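See structure below.
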Amino acid sequence: MKRLVLVRHGQSIWNKENRFTGWTDVTLSEKGVAEAIQAGKILKEEGYRFKLAFTSYLTRAIKTLWLMLEEMDLMWIEVRKSWRLNEKHYGTLQGLNKVEIAEKYGADMVQLWRRSFDTPPMPLAADDERNPKFDLRYAELTAGELPLTESLKEVIERFIPYWETEIKPALHENNDLLITAHGNSLRALVMHLKNMSREEILEFNIPTGVPYVFEFDDDLNFIKDYFLGDPEDIKKLMEQVANQAKGK
């Protein structure tokens with residue numbers, strides 16, 4: 001049996017402030033640090049022993065991984081980073097408060113921008129300082145690879161080829177594999193692994209800092225998936241994610 005563990009990074013400072021984050025590089029909040037440490041404790045207690053992990057280029061995911069591995073006494077393992085695991089790019093919404101944007105454009109429109117399959121937010125202007133071309137970590141990417149906005153469809157298009165060529169072969173070689181990434185990049189992978197419809201993925205939310213396990217047979221045929229933790233607590237956390245654009 002093979003096990004793939006997905007962990008959305010712990011709460012970031014912009015999660016706490018209910019802002020759209022996207023490719024903006026913000027760090028973890030105090031709660032996010034605690035969530036990452038707790039995730040590491042749970043995985044250690046459950047007997048997971050990773051030899052390889054994947055994460056994005058963004059600090060909140062990298063730091064979550066560090067804290068988890070430190071808790072598991074696994075700081076020495078190999079870590080592979082890729083921009084293809086980055087969060088969905090939220091275009092001009094990045095940095096803006098979700099409730100305020102919902103009041104301006106309507107909750108239904110914001111829900112489409114947040115969770116739909118193929119409706120991206122408004123793109124950044126080419127000279128906007130938030131354009132990733134101005135960030136050194138993306139210096140080797142082509143103009144066609146650098147997004148100014150994205151829908152889940154575009155996230156799938158950049159992530160799933162990396163899954164097929166890098167992560168999936170690594171899972172063949174390892175019984176347990178860890179990915180620490182973001183709400184929408186992980187939703188892209190979940191949609192692919194579970195063959196979910198556009199309607200199903202619209203309603204699917206991943207809470208921060210909760211290990212989400214996929215089990216496969218040795219030929220990587222999907223068997224089952226589940227979150228590690230109390231089901232009622234996880235249900236509440238998922239509802240909180242779903243309700244982020246609603247009024248206070």
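How things are named: the first chain in the structure tokens is A, the next is B, and so on; residues count from 1 in each chain; ligands count from 1 in the order shown.
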* To do: For Glu154 of chain A, work out the shell of residues within 12 Å, counting only C-alpha atoms and skipping chain neighbours fewer than 2 positions away, then give it as a count of residues only.
  => 30
* Among segment 5-213 of chain A, which residues carry a DSSP assignment of strand (DSSP E or B), reported as a count of residues only? -> 24
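Minimum atom-to-atom distance to Ile101 of chain A, evaluated using only C-alpha atoms, belongs to A:Arg114 out of A:Lys168, A:Arg114, A:Thr59, A:Ala53.
Between atom CA of Ile179 of chain A and atom CA of Ile62 of chain A the separation is 10.3 Å.
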* segment 7-43 of chain A: residues DSSP assigns to alpha helix (DSSP H), reported as a PyMOL selection string -> chain A and resi 13-16+30-43
Keeping only N, CA, C and O atoms, write those residues as a PDB file, in the first residue's frame.
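As written to disk, result_34.pdb reads:
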```
ATOM      1  N   ILE A  13      -0.686  34.875   7.941  1.00  0.00           N
ATOM      2  CA  ILE A  13      -1.145  36.146   8.499  1.00  0.00           C
ATOM      3  C   ILE A  13      -2.263  36.746   7.639  1.00  0.00           C
ATOM      4  O   ILE A  13      -3.143  37.431   8.159  1.00  0.00           O
ATOM      5  N   TRP A  14      -2.264  36.449   6.340  1.00  0.00           N
ATOM      6  CA  TRP A  14      -3.349  36.956   5.496  1.00  0.00           C
ATOM      7  C   TRP A  14      -4.583  36.073   5.574  1.00  0.00           C
ATOM      8  O   TRP A  14      -5.694  36.554   5.380  1.00  0.00           O
ATOM      9  N   ASN A  15      -4.429  34.773   5.863  1.00  0.00           N
ATOM     10  CA  ASN A  15      -5.606  33.959   6.191  1.00  0.00           C
ATOM     11  C   ASN A  15      -6.299  34.555   7.411  1.00  0.00           C
ATOM     12  O   ASN A  15      -7.526  34.692   7.454  1.00  0.00           O
ATOM     13  N   LYS A  16      -5.512  34.896   8.414  1.00  0.00           N
ATOM     14  CA  LYS A  16      -6.047  35.462   9.654  1.00  0.00           C
ATOM     15  C   LYS A  16      -6.803  36.753   9.381  1.00  0.00           C
ATOM     16  O   LYS A  16      -7.853  37.019   9.988  1.00  0.00           O
ATOM     17  N   GLU A  30       0.707  32.961  14.339  1.00  0.00           N
ATOM     18  CA  GLU A  30       1.004  32.119  15.506  1.00  0.00           C
ATOM     19  C   GLU A  30       0.147  30.855  15.474  1.00  0.00           C
ATOM     20  O   GLU A  30       0.623  29.762  15.794  1.00  0.00           O
ATOM     21  N   LYS A  31      -1.107  31.013  15.092  1.00  0.00           N
ATOM     22  CA  LYS A  31      -1.993  29.852  14.981  1.00  0.00           C
ATOM     23  C   LYS A  31      -1.481  28.890  13.910  1.00  0.00           C
ATOM     24  O   LYS A  31      -1.524  27.665  14.095  1.00  0.00           O
ATOM     25  N   GLY A  32      -0.991  29.444  12.804  1.00  0.00           N
ATOM     26  CA  GLY A  32      -0.471  28.604  11.728  1.00  0.00           C
ATOM     27  C   GLY A  32       0.736  27.797  12.151  1.00  0.00           C
ATOM     28  O   GLY A  32       0.891  26.627  11.771  1.00  0.00           O
ATOM     29  N   VAL A  33       1.603  28.399  12.956  1.00  0.00           N
ATOM     30  CA  VAL A  33       2.759  27.672  13.491  1.00  0.00           C
ATOM     31  C   VAL A  33       2.278  26.515  14.359  1.00  0.00           C
ATOM     32  O   VAL A  33       2.760  25.378  14.240  1.00  0.00           O
ATOM     33  N   ALA A  34       1.294  26.793  15.216  1.00  0.00           N
ATOM     34  CA  ALA A  34       0.753  25.748  16.094  1.00  0.00           C
ATOM     35  C   ALA A  34       0.102  24.633  15.282  1.00  0.00           C
ATOM     36  O   ALA A  34       0.231  23.445  15.619  1.00  0.00           O
ATOM     37  N   GLU A  35      -0.609  25.000  14.203  1.00  0.00           N
ATOM     38  CA  GLU A  35      -1.242  23.989  13.350  1.00  0.00           C
ATOM     39  C   GLU A  35      -0.209  23.086  12.703  1.00  0.00           C
ATOM     40  O   GLU A  35      -0.394  21.860  12.626  1.00  0.00           O
ATOM     41  N   ALA A  36       0.895  23.672  12.224  1.00  0.00           N
ATOM     42  CA  ALA A  36       1.937  22.878  11.575  1.00  0.00           C
ATOM     43  C   ALA A  36       2.586  21.910  12.565  1.00  0.00           C
ATOM     44  O   ALA A  36       2.820  20.738  12.247  1.00  0.00           O
ATOM     45  N   ILE A  37       2.864  22.401  13.763  1.00  0.00           N
ATOM     46  CA  ILE A  37       3.460  21.538  14.786  1.00  0.00           C
ATOM     47  C   ILE A  37       2.508  20.402  15.144  1.00  0.00           C
ATOM     48  O   ILE A  37       2.918  19.236  15.278  1.00  0.00           O
ATOM     49  N   GLN A  38       1.217  20.727  15.281  1.00  0.00           N
ATOM     50  CA  GLN A  38       0.235  19.701  15.615  1.00  0.00           C
ATOM     51  C   GLN A  38       0.116  18.659  14.506  1.00  0.00           C
ATOM     52  O   GLN A  38      -0.012  17.459  14.773  1.00  0.00           O
ATOM     53  N   ALA A  39       0.168  19.108  13.252  1.00  0.00           N
ATOM     54  CA  ALA A  39       0.122  18.166  12.126  1.00  0.00           C
ATOM     55  C   ALA A  39       1.305  17.207  12.185  1.00  0.00           C
ATOM     56  O   ALA A  39       1.164  16.000  11.939  1.00  0.00           O
ATOM     57  N   GLY A  40       2.486  17.738  12.513  1.00  0.00           N
ATOM     58  CA  GLY A  40       3.656  16.880  12.648  1.00  0.00           C
ATOM     59  C   GLY A  40       3.497  15.869  13.771  1.00  0.00           C
ATOM     60  O   GLY A  40       3.874  14.697  13.629  1.00  0.00           O
ATOM     61  N   LYS A  41       2.921  16.307  14.887  1.00  0.00           N
ATOM     62  CA  LYS A  41       2.699  15.395  16.010  1.00  0.00           C
ATOM     63  C   LYS A  41       1.756  14.265  15.620  1.00  0.00           C
ATOM     64  O   LYS A  41       1.996  13.091  15.945  1.00  0.00           O
ATOM     65  N   ILE A  42       0.670  14.605  14.927  1.00  0.00           N
ATOM     66  CA  ILE A  42      -0.308  13.597  14.515  1.00  0.00           C
ATOM     67  C   ILE A  42       0.336  12.571  13.586  1.00  0.00           C
ATOM     68  O   ILE A  42       0.162  11.353  13.755  1.00  0.00           O
ATOM     69  N   LEU A  43       1.097  13.055  12.608  1.00  0.00           N
ATOM     70  CA  LEU A  43       1.728  12.141  11.661  1.00  0.00           C
ATOM     71  C   LEU A  43       2.756  11.245  12.343  1.00  0.00           C
ATOM     72  O   LEU A  43       2.870  10.055  12.023  1.00  0.00           O
TER      73      LEU A  43
END
```
* Find the spatial neighbours of Tyr226 of chain A, counting only C-alpha atoms, within a cut-off of 8 Å - ignore same-chain residues fewer than 6 positions away - and output them as a VMD selection string. => chain A and resid 212 to 214
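In terms of minimum interatomic distance to Leu4 of chain A, A:Phe222 ranks closest within A:Trp76, A:Phe222, A:Trp23, A:Phe134, counting only C-alpha atoms.
Between Trp163 of chain A and the residues A:Asn175, A:Ser82, A:Ser197, A:Thr92, the shortest atom-to-atom distance, using only C-alpha atoms, involves A:Ser82.
We find atom CA of Pro211 of chain A and atom CA of Leu65 of chain A to be spaced 11.6 Å apart.
The shortest atom-to-atom distance to Thr180 of chain A, with only C-alpha atoms taken into account, belongs to A:Lys63 out of A:Lys63, A:His192, A:Lys2, A:Arg19.
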